[in-house]
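Text of run08.pdb, listed as PDB, C-alpha atoms (C1' of nucleotides):
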```pdb
MODEL        1
ATOM      1  CA  MET A 297     100.700  66.875 209.156
ATOM      2  CA  LYS A 298      99.529  66.864 205.629
ATOM      3  CA  THR A 299     100.010  69.760 203.316
ATOM      4  CA  GLN A 300      96.715  71.453 202.965
ATOM      5  CA  SER A 301      95.810  72.866 199.644
ATOM      6  CA  PHE A 302      92.773  74.668 198.443
ATOM      7  CA  THR A 303      91.466  75.074 194.947
ATOM      8  CA  LEU A 304      89.243  77.990 194.179
ATOM      9  CA  PRO A 305      87.754  79.162 190.900
ATOM     10  CA  VAL A 306      88.633  82.542 189.535
ATOM     11  CA  SER A 307      86.087  84.086 187.246
ATOM     12  CA  THR A 308      87.533  86.185 184.480
ATOM     13  CA  SER A 309      86.448  87.495 181.152
ATOM     14  CA  ALA A 310      88.387  84.671 179.589
ATOM     15  CA  GLY A 311      86.769  81.972 181.623
ATOM     16  CA  GLU A 312      87.157  80.315 184.954
ATOM     17  CA  PHE A 313      90.688  79.811 186.119
ATOM     18  CA  LEU A 314      91.532  77.537 188.976
ATOM     19  CA  ALA A 315      93.842  78.784 191.674
ATOM     20  CA  HIS A 316      95.622  76.379 193.978
ATOM     21  CA  TYR A 317      96.701  77.588 197.352
ATOM     22  CA  SER A 318      99.031  76.020 199.818
ATOM     23  CA  GLN A 319      99.651  77.206 203.308
ATOM     24  CA  ARG A 320     102.358  79.459 202.036
ATOM     25  CA  GLY A 321     100.502  81.214 199.260
ATOM     26  CA  LEU A 322      99.402  80.778 195.709
ATOM     27  CA  ALA A 323     100.944  77.549 194.535
ATOM     28  CA  GLY A 324      99.391  77.020 191.150
ATOM     29  CA  LEU A 325      97.134  78.414 188.508
ATOM     30  CA  ASN A 326      95.263  76.624 185.767
ATOM     31  CA  PHE A 327      93.799  78.034 182.616
ATOM     32  CA  PRO A 328      90.134  77.526 181.987
ATOM     33  CA  GLY A 329      89.595  73.946 180.944
ATOM     34  CA  ARG A 330      86.798  72.698 178.769
ATOM     35  CA  HIS A 331      84.566  71.360 181.425
ATOM     36  CA  SER A 332      87.173  69.909 183.695
ATOM     37  CA  SER A 333      85.147  70.088 186.804
ATOM     38  CA  VAL A 334      87.830  70.087 189.380
ATOM     39  CA  ARG A 335      86.587  69.891 192.889
ATOM     40  CA  ALA A 336      86.780  73.476 193.981
ATOM     41  CA  ALA A 337      86.410  74.388 197.606
ATOM     42  CA  LYS A 338      83.638  76.618 198.730
ATOM     43  CA  PRO A 339      84.722  80.108 199.718
ATOM     44  CA  ASP A 340      83.023  79.836 203.063
ATOM     45  CA  ASP A 341      83.877  76.343 204.088
ATOM     46  CA  GLY A 342      87.164  75.392 205.668
ATOM     47  CA  ILE A 343      89.079  78.089 203.906
ATOM     48  CA  PRO A 344      91.439  80.085 206.121
ATOM     49  CA  ALA A 345      90.821  83.798 206.110
ATOM     50  CA  GLU A 346      94.312  84.276 204.759
ATOM     51  CA  VAL A 347      93.599  82.140 201.746
ATOM     52  CA  SER A 348      90.399  84.031 201.105
ATOM     53  CA  GLU A 349      92.325  87.229 201.061
ATOM     54  CA  TRP A 350      94.944  85.788 198.735
ATOM     55  CA  HIS A 351      92.207  84.569 196.487
ATOM     56  CA  ARG A 352      90.656  87.986 196.365
ATOM     57  CA  THR A 353      94.002  89.463 195.386
ATOM     58  CA  THR A 354      94.499  86.751 192.834
ATOM     59  CA  GLY A 355      91.165  87.389 191.205
ATOM     60  CA  SER A 356      91.834  91.078 191.040
ATOM     61  CA  ALA A 357      95.323  90.627 189.674
ATOM     62  CA  LEU A 358      94.253  88.074 187.108
ATOM     63  CA  ASN A 359      91.482  90.220 185.725
ATOM     64  CA  LYS A 360      93.726  93.219 185.573
ATOM     65  CA  LEU A 361      96.411  91.284 183.780
ATOM     66  CA  LEU A 362      93.929  89.998 181.248
ATOM     67  CA  ALA A 363      92.797  93.553 180.725
ATOM     68  CA  GLY A 364      96.331  94.647 180.079
ATOM     69  CA  GLN A 365      96.820  96.429 183.355
ATOM     70  CA  LYS A 366     100.510  96.937 183.927
ATOM     71  CA  GLN A 367     100.932  97.057 187.653
ATOM     72  CA  VAL A 368      98.983  94.707 189.814
ATOM     73  CA  LYS A 369      99.297  93.411 193.312
ATOM     74  CA  PHE A 370     100.116  89.744 193.703
ATOM     75  CA  PRO A 371      99.346  87.401 196.520
ATOM     76  CA  PRO A 372     102.328  85.602 198.034
ATOM     77  CA  LEU A 373     103.586  83.009 195.600
ATOM     78  CA  ASP A 374     104.559  79.582 196.814
ATOM     79  CA  LEU A 375     106.929  78.548 194.101
ATOM     80  CA  ALA A 376     107.939  74.965 194.604
ATOM     81  CA  GLY A 377     110.764  73.753 192.467
ATOM     82  CA  THR A 378     114.457  73.166 192.172
ATOM     83  CA  ASP A 379     116.951  75.869 192.817
ATOM     84  CA  PHE A 380     117.525  76.365 189.139
ATOM     85  CA  GLN A 381     113.846  76.667 188.407
ATOM     86  CA  LYS A 382     113.355  79.202 191.150
ATOM     87  CA  SER A 383     116.184  81.254 189.708
ATOM     88  CA  VAL A 384     114.516  81.229 186.335
ATOM     89  CA  TRP A 385     111.109  82.109 187.714
ATOM     90  CA  HIS A 386     112.515  84.867 189.854
ATOM     91  CA  GLU A 387     114.248  86.269 186.827
ATOM     92  CA  MET A 388     111.060  86.214 184.851
ATOM     93  CA  LEU A 389     109.204  88.032 187.587
ATOM     94  CA  LYS A 390     111.549  90.934 186.987
ATOM     95  CA  ILE A 391     110.435  91.343 183.404
ATOM     96  CA  ALA A 392     108.379  94.491 183.142
ATOM     97  CA  SER A 393     104.986  94.302 181.554
ATOM     98  CA  GLY A 394     105.024  95.157 177.896
ATOM     99  CA  LYS A 395     108.588  93.974 177.570
ATOM    100  CA  THR A 396     109.930  90.673 176.448
ATOM    101  CA  LYS A 397     113.076  88.687 176.962
ATOM    102  CA  SER A 398     114.541  85.812 175.087
ATOM    103  CA  TYR A 399     115.353  82.475 176.616
ATOM    104  CA  GLY A 400     118.975  83.285 176.055
ATOM    105  CA  GLU A 401     118.619  86.519 178.008
ATOM    106  CA  ILE A 402     117.126  84.672 180.943
ATOM    107  CA  ALA A 403     119.870  82.076 180.847
ATOM    108  CA  GLU A 404     122.489  84.766 180.814
ATOM    109  CA  ALA A 405     120.801  86.670 183.606
ATOM    110  CA  ILE A 406     120.995  83.726 185.968
ATOM    111  CA  GLY A 407     124.644  83.211 185.189
ATOM    112  CA  LYS A 408     124.304  80.233 182.892
ATOM    113  CA  PRO A 409     124.465  81.539 179.333
ATOM    114  CA  GLY A 410     124.365  78.081 177.845
ATOM    115  CA  ALA A 411     121.308  76.935 179.709
ATOM    116  CA  VAL A 412     118.870  78.306 177.181
ATOM    117  CA  ARG A 413     117.044  75.052 176.769
ATOM    118  CA  ALA A 414     116.998  74.358 180.440
ATOM    119  CA  VAL A 415     115.302  77.703 180.860
ATOM    120  CA  GLY A 416     112.602  76.538 178.527
ATOM    121  CA  GLY A 417     112.211  73.452 180.643
ATOM    122  CA  ALA A 418     111.894  75.504 183.798
ATOM    123  CA  CYS A 419     109.265  77.594 182.095
ATOM    124  CA  GLY A 420     107.279  74.536 181.243
ATOM    125  CA  ALA A 421     107.467  73.522 184.872
ATOM    126  CA  ASN A 422     106.199  76.898 185.972
ATOM    127  CA  PRO A 423     103.206  76.246 188.217
ATOM    128  CA  ILE A 424     101.825  79.752 187.954
ATOM    129  CA  PRO A 425     101.623  80.997 184.395
ATOM    130  CA  VAL A 426     100.517  84.583 183.832
ATOM    131  CA  PHE A 427     101.776  85.689 187.232
ATOM    132  CA  VAL A 428     105.187  84.309 186.490
ATOM    133  CA  PRO A 429     105.343  85.880 183.059
ATOM    134  CA  CYS A 430     106.607  82.976 181.065
ATOM    135  CA  HIS A 431     104.547  84.361 178.211
ATOM    136  CA  ARG A 432     106.865  87.355 178.015
ATOM    137  CA  VAL A 433     109.747  85.102 177.171
ATOM    138  CA  LEU A 434     110.183  84.718 173.456
ATOM    139  CA  ALA A 435     112.772  83.021 171.327
ATOM    140  CA  ALA A 436     115.801  84.998 170.186
ATOM    141  CA  ASN A 437     114.332  86.118 166.880
ATOM    142  CA  LYS A 438     111.054  87.172 168.490
ATOM    143  CA  LYS A 439     109.332  83.963 167.673
ATOM    144  CA  ILE A 440     106.540  82.995 169.994
ATOM    145  CA  GLY A 441     108.061  79.685 170.934
ATOM    146  CA  GLY A 442     105.708  77.448 172.838
ATOM    147  CA  PHE A 443     103.458  77.328 175.807
ATOM    148  CA  SER A 444     102.543  74.339 177.896
ATOM    149  CA  SER A 445      99.030  75.371 178.781
ATOM    150  CA  GLY A 446      98.286  76.270 175.203
ATOM    151  CA  LEU A 447      99.985  78.570 172.786
ATOM    152  CA  HIS A 448      96.613  80.137 172.364
ATOM    153  CA  TRP A 449      96.906  81.772 175.778
ATOM    154  CA  LYS A 450     100.414  83.009 175.328
ATOM    155  CA  ARG A 451      99.421  84.917 172.256
ATOM    156  CA  ARG A 452      96.388  86.365 173.932
ATOM    157  CA  LEU A 453      98.364  87.514 176.946
ATOM    158  CA  LEU A 454     100.991  89.117 174.782
ATOM    159  CA  GLU A 455      98.386  91.032 172.847
ATOM    160  CA  SER A 456      96.779  92.168 176.065
ATOM    161  CA  GLU A 457     100.046  93.768 176.994
ATOM    162  CA  GLY A 458     100.370  95.440 173.656
ATOM    163  CA  ILE A 459     103.235  93.294 172.500
ATOM    164  CA  VAL A 460     103.256  92.952 168.766
ATOM    165  CA  LEU A 461     105.100  90.082 167.246
TER
ATOM    166  C1'  DT B  97     122.199  56.964 182.334
ATOM    167  C1'  DC B  98     119.330  58.163 178.584
ATOM    168  C1'  DC B  99     115.716  60.934 176.685
ATOM    169  C1'  DG B 100     112.908  65.089 176.032
ATOM    170  C1'  DT B 101     112.658  70.108 176.079
ATOM    171  C1'  DA B 102     108.689  76.354 175.282
ATOM    172  C1'  DT B 103     116.511  77.385 172.079
ATOM    173  C1'  DT B 104     120.210  78.867 169.415
ATOM    174  C1'  DG B 105     123.270  79.981 165.816
ATOM    175  C1'  DA B 106     125.654  78.363 161.880
ATOM    176  C1'  DA B 107     125.873  75.635 157.744
ATOM    177  C1'  DC B 108     123.417  73.930 153.771
ATOM    178  C1'  DT B 109     120.120  73.749 149.888
TER
ATOM    179  C1'  DA C 263     114.792  82.474 152.871
ATOM    180  C1'  DG C 264     113.594  78.124 154.733
ATOM    181  C1'  DT C 265     115.485  73.973 156.795
ATOM    182  C1'  DT C 266     118.535  70.896 159.121
ATOM    183  C1'  DC C 267     122.077  69.896 162.644
ATOM    184  C1'  DA C 268     124.907  69.766 166.557
ATOM    185  C1'  DA C 269     125.677  71.717 171.145
ATOM    186  C1'  DT C 270     124.290  72.582 175.859
ATOM    187  C1'  DA C 271     122.032  72.517 180.698
ATOM    188  C1'  DC C 272     118.656  70.500 183.473
ATOM    189  C1'  DG C 273     114.785  67.517 185.046
ATOM    190  C1'  DG C 274     112.390  63.146 185.030
ATOM    191  C1'  DA C 275     112.097  57.971 184.430
TER
ENDMDL
END
```

Produce structure tokens that represent the structure in this file.
Amino acid sequence: MKTQSFTLPVSTSAGEFLAHYSQRGLAGLNFPGRHSSVRAAKPDDGIPAEVSEWHRTTGSALNKLLAGQKQVKFPPLDLAGTDFQKSVWHEMLKIASGKTKSYGEIAEAIGKPGAVRAVGGACGANPIPVFVPCHRVLAANKKIGGFSSGLHWKRRLLESEGIVL
DNA sequence: TCCGTATTGAACT
DNA sequence: AGTTCAATACGGA
């Protein structure tokens, strides 16, 4: 059987995000593209009820996060990656809103203090930015570092959470 | 096996 | 104070 995936648009104040769902949960999230018209599924056609519910939660969570809301409810996350990457992502999920950690802190937290750069790599491979708060991870001297989907977004998200650089 | 990476800390100018 | 350099861990080609 083939892995079914569904892509649904998420309307936010910042634009239309695209959420990818697998059978296990939210598998990916894309920032609003220019006019990258990705084929999005219709909410009422072939979409399992479960996915619809996840999507509803996703939309709510995303808007709240963009508004700077601290505690939001997440849909199940289907994080696909290597063991190391999952460790990194899991560690990042534990970062409280409004707080930041350095790449070194993450590396140390997962038991590999020297893997600072590898952590950065895992972050770049993060399929679900915003939910997996890779934007809360800064360099050691509080520099913003980088952001795959656009540094622009990282800065915006940080400001939404009241984090001042 | 080699290269790139969203780092880091120390040395150098 | 700004910049360069080597080291380190992991993923992808």

| request: Evaluate the PyMOL selection byres ((chain B) within 8 of (chain A)) here and jot the selected residues down as a list in words. | output: DT101, DA102, DT103 and DT104 of chain B

For chain C versus chain A, which residues have an atom no more than 8 Å away, and what is each residue's nearest atom pair and distance in Å rounded to one decimal, using all atoms listed in the file, chain-then-number order, as JSON lines?
```
{"residue": "C:DT270", "atom": "C1'", "partner": "A:Gly410", "partner_atom": "CA", "distance": 5.8}
{"residue": "C:DA271", "atom": "C1'", "partner": "A:Ala411", "partner_atom": "CA", "distance": 4.6}
{"residue": "C:DC272", "atom": "C1'", "partner": "A:Ala414", "partner_atom": "CA", "distance": 5.2}
{"residue": "C:DG273", "atom": "C1'", "partner": "A:Gly417", "partner_atom": "CA", "distance": 7.8}
```

For the residues in the current selection, export C-alpha atoms (C1' of nucleotides) as a PDB file, in the frame of the given file.
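Saved file result-v5.pdb follows:
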```
ATOM      1  C1'  DT C 270     124.290  72.582 175.859  1.00  0.00           C
ATOM      2  C1'  DA C 271     122.032  72.517 180.698  1.00  0.00           C
ATOM      3  C1'  DC C 272     118.656  70.500 183.473  1.00  0.00           C
ATOM      4  C1'  DG C 273     114.785  67.517 185.046  1.00  0.00           C
TER       5       DG C 273
END
```

| Result set of the PyMOL selection byres ((chain A and resi 327) around 10) on the coordinates above, as a PyMOL selection string | chain A and resi 306+310-315+325-326+328-330+424-426+445-446+449

Based on the selection just made, write C-alpha atoms of those residues as an mmCIF file, keeping the file's coordinate frame.
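Now in result-v2.cif:
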```
data_model
loop_
_atom_site.group_PDB
_atom_site.id
_atom_site.type_symbol
_atom_site.label_atom_id
_atom_site.label_comp_id
_atom_site.auth_asym_id
_atom_site.auth_seq_id
_atom_site.Cartn_x
_atom_site.Cartn_y
_atom_site.Cartn_z
ATOM 1 C CA VAL A 306 88.633 82.542 189.535
ATOM 2 C CA ALA A 310 88.387 84.671 179.589
ATOM 3 C CA GLY A 311 86.769 81.972 181.623
ATOM 4 C CA GLU A 312 87.157 80.315 184.954
ATOM 5 C CA PHE A 313 90.688 79.811 186.119
ATOM 6 C CA LEU A 314 91.532 77.537 188.976
ATOM 7 C CA ALA A 315 93.842 78.784 191.674
ATOM 8 C CA LEU A 325 97.134 78.414 188.508
ATOM 9 C CA ASN A 326 95.263 76.624 185.767
ATOM 10 C CA PRO A 328 90.134 77.526 181.987
ATOM 11 C CA GLY A 329 89.595 73.946 180.944
ATOM 12 C CA ARG A 330 86.798 72.698 178.769
ATOM 13 C CA ILE A 424 101.825 79.752 187.954
ATOM 14 C CA PRO A 425 101.623 80.997 184.395
ATOM 15 C CA VAL A 426 100.517 84.583 183.832
ATOM 16 C CA SER A 445 99.030 75.371 178.781
ATOM 17 C CA GLY A 446 98.286 76.270 175.203
ATOM 18 C CA TRP A 449 96.906 81.772 175.778
#
```

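Taking CA of Lys369 (chain A) and CA of Asn422 (chain A) as the two end points, the separation is 19.3 Å.
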
Picked residues, the PyMOL selection byres ((chain B and resi 98) around 12), as a CSV table (one decimal) with C-alpha atoms (C1' of nucleotides), in the frame of the given file:
```
chain,number,residue,atom,x,y,z
B,97,DT,C1',122.2,57.0,182.3
B,99,DC,C1',115.7,60.9,176.7
B,100,DG,C1',112.9,65.1,176.0
C,274,DG,C1',112.4,63.1,185.0
C,275,DA,C1',112.1,58.0,184.4
```

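Atom to atom, CA of His386 (chain A) and CA of Val428 (chain A) stand 8.1 Å apart.
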
| field | Selection near DT266 (chain C), 10 Å with all atoms listed in the file, sequence-local residues under 3 positions removed, as a PyMOL selection string | value | chain B and resi 107-109

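Taking CA of Pro429 (chain A) and CA of Ala392 (chain A) as endpoints, the distance between them is 9.1 Å.
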
Calculate, to one decimal in Å, the centre and edge lengths of the box along x, y and z of the file that holds all listed atoms of region 263-271 of chain C with 5 Å of margin on each side, and present them as JSON.
```
{"center_x": 119.6, "center_y": 76.1, "center_z": 166.8, "size_x": 22.1, "size_y": 22.7, "size_z": 37.8}
```
